[in-house]
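Colleague: Shown below is the structure under consideration.
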Amino acid sequence: MKKYVVLLSALMILSVILSACGGSSNSPANNGSASSSGGSGKQEQKTVTIFQFKTEIVEGLNELKVEFEKEYPNIKLDIQTVGGGADYDAALKTKFASGDAPDIFSNNGYSKLDMWQDKVEDLSDQPWVQDLVPLAAEPITKDGKVYGMPLALEGFGYIYNKDLFQQVGITVPPRTYTELEDAAKKLKAAGITPFANAYQEWWLVGSQGISVAFANQDDIDGFINGLNQGTASIVGNEKFENWARLMQLTVDYGNKNPLTTDYNTQVTMFANGEAAMMQEGNWAQTMIDGITPNMNIGVLPMPVSDNAEQTGKVTIGVPVNLVVNKDSDAKEEAKVFLNWLVTSDIGKEYIVKKFKFIPTMKSIQSTPEDMGAIAADLWNYIEEDKIILHQAGKYPDGVAQEFGSVIQQFIAGKSDIKTWTENMQAAWDKLK
């Protein structure tokens, strides 16, 4: 992985250097299946249905839809979103089972790619594939073939208010469990709520948060394979026990009623200065900006031990890949849209400035000002090789939701750490 990180860092630096040069094409790649505004009006009009789960980009996608349809009047986009606390995977299965399968849909890669292998188009021949950052391509690549377009690189940890930290005399960002605990104590003593916790959201803990326990294993894939084969166990695993301790710390030093606090409430609390930290990622930047523009914020690791070298890292991953339904009668038009999204000037602008994404394409130019403070800080971790990879895509189907429920029971005080690890193991065993 380290060679990918080095390459990614170099590419980012090159991208910023070249940003003043401009020079991107307005002409989307076209496979000859759809005409632009200059083509024949007699061509059959087709609708491309996009089924995706990133609720925070819906507004921007609908704006891009208008721009795309101006250039391609013979292609209409139908953007459908099921996300937030809803079960996207279950909804997607229902769409296929009912004969209403989308033309483009979201896929996490890894085990989800395996699960949907017989439904996704091989996109290896698409022009943007050669432009992909290797780190971004990894989850959606199988046997040397690329099956989806990585929409973004995202990262998460504890977003923190630098001004509040400075206010209580915390001058060095905590990278270990003990340092984080000390910071929480200082903040609380000053009358500041250390953590805003949105533990109503199963995905926050069951998909993202718990990934840290997996990513801190000495042999991540070996451990996951062991879980699947019955030769490894979450029960008695130090990294999981330490992760539970970290969760308890956030509860002890967090807002009241974390299990009835949702994402919007959490981000609002943080952006209003009512709490100093929250577990989130760069997707929260746009909402924060809407409440408190130019907020002085950064990203902290989610440390499960006092070994800063191992645990003082943030999580980086691809939140979603856009794949094409290989049985769609509009799959060529779907490919036209994907190419347009990452080659048109407005598509590239929205990726970095509207969505605040870390781009997955080497040619998409971006600056810290474009992406926002959270993504800019994540880049610092990438450049310093202080990242761990998001592991949720490797969970068996349905396990993330089960994990979320089990973790919520622990947060509610209905199980101790040992019972919690047993319940986590049972969730994996049930669905592996």
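Each chain in the structure tokens gets a letter, A, B and so on, in the order shown; residues start at 1 in every chain, and ligands are counted from 1 in the order they appear.
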Which of stretch 201-371 of chain A counts as strand (DSSP E or B) under DSSP, as a ChimeraX atom specification please?
Modeller: /A:254,275-281,297-300,314-317,321-325,358,361
Colleague: Residues of stretch 206-412 of chain A classed as alpha helix (DSSP H) by DSSP on the backbone are to be reported as number ranges by chain.
Modeller: A: 211-215, 220-229, 238-252, 263-271, 285-291, 308-311, 331-343, 345-349, 368-371, 373-383, 399-411
Colleague: Counting only C-alpha atoms, what are the residues of stretch 33-99 of chain A within 12 Å of stretch 137-153 of chain A, and for each of them which pair of atoms is the nearest and at what distance in Å, to one decimal? Sort the table by chain and rising number, as CSV.
Modeller:
```
residue,atom,partner,partner_atom,distance
A:Gln52,CA,A:Leu151,CA,11.1
A:Phe53,CA,A:Leu151,CA,11.9
A:Lys54,CA,A:Leu151,CA,10.4
A:Ile57,CA,A:Leu151,CA,11.2
```
Colleague: Could you list, as a ChimeraX atom specification, every residue within 6 Å of stretch 234-245 of chain A, counting only C-alpha atoms and ignoring same-chain residues fewer than 3 positions away?
Modeller: /A:213,248,304,421-422,425
Colleague: Name all residues at most 12 Å from A:Gly281 (count only C-alpha atoms; drop same-chain ones fewer than 5 positions away) and give them as a ChimeraX atom specification.
Modeller: /A:153-160,204,208-209,263,267,286-288,297-302,314-317,319,356-358,372-378
Colleague: Determine, counting only C-alpha atoms, which protein, DNA and RNA residues have an atom within 12 Å of an atom of stretch 122-130 of chain A; residues of the same chain fewer than 3 positions away are not included. Present the result as an MDAnalysis selection string.
Modeller: chainID A and resid 28:31 113 117:119 133:134 136:138 140:151 321:327 331:332 334:344 360:364
Colleague: Could you check which of A:Ala427, A:Lys185, A:Asn296, A:Asn272 is closest to A:Ser233, using only C-alpha atoms?
Modeller: A:Ala427
Colleague: With only C-alpha atoms as the basis for distance, which of A:Ala330, A:Leu187, A:Ala97, A:Ile387 is at the shortest distance from A:Glu121?
Modeller: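 So, comparing all the options, the nearest one is A:Ala330.
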Colleague: So, with only C-alpha atoms as the atoms that count, which of A:Asn228, A:Asn216, A:Ser98, A:Asn294 lies closest to A:Asp163?
Modeller: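 For A:Asp163, the nearest of the candidates is A:Asn294.
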Colleague: State, in Å with one decimal place, the distance from atom CA of A:Pro173 to atom CA of A:Gln365.
Modeller: 29.1 Å
Colleague: Using only C-alpha atoms, can you tell me which of A:Ile75, A:Ala392, A:Ile417, A:Ala412 comes closest to A:Phe214?
Modeller: A:Ala392
Colleague: Could you list, as a list in words, every residue within 12 Å of A:Asp329, counting only C-alpha atoms and ignoring same-chain residues fewer than 4 positions away?
Modeller: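 In the requested form, the answer reads Ser33, Gln45, Lys46, Thr47, Val48, Thr49, Ala101, Pro102, Asp103, Ile104, Val324, Asn325, Glu333, Ala334 and Lys335 of chain A.
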Colleague: Please report the interatomic distance between atom CA of A:Val406 and atom CA of A:Val320 in Å with one decimal.
Modeller: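 A separation of 24.5 Å between them.
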Colleague: Quick one: residues within 8 Å of A:Gln401, only C-alpha atoms, excluding same-chain residues fewer than 6 positions away - as a list in words?
Modeller: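 Once the adjacent positions are removed, what remains is Trp202, Trp203, Gly206 and Ser207 of chain A.
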Colleague: Restrict the selected residues to C-alpha atoms and save them as a PDB file, in the first residue's frame.
Modeller:
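Ended up saving to selection-v3.pdb:
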```pdb
ATOM      1  CA  TRP A 202     -25.750   2.671  12.471  1.00  0.00           C
ATOM      2  CA  TRP A 203     -23.340   3.366   9.576  1.00  0.00           C
ATOM      3  CA  GLY A 206     -21.139  -0.323  12.181  1.00  0.00           C
ATOM      4  CA  SER A 207     -19.517   0.518   8.856  1.00  0.00           C
TER       5      SER A 207
END
```
Colleague: When distances are computed from only C-alpha atoms, which of A:Asp89, A:Lys313, A:Ser328, A:Lys348 shows the smallest separation from A:Asn380?
Modeller: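 The shortest atom-to-atom distance to A:Asn380 comes from A:Lys313.
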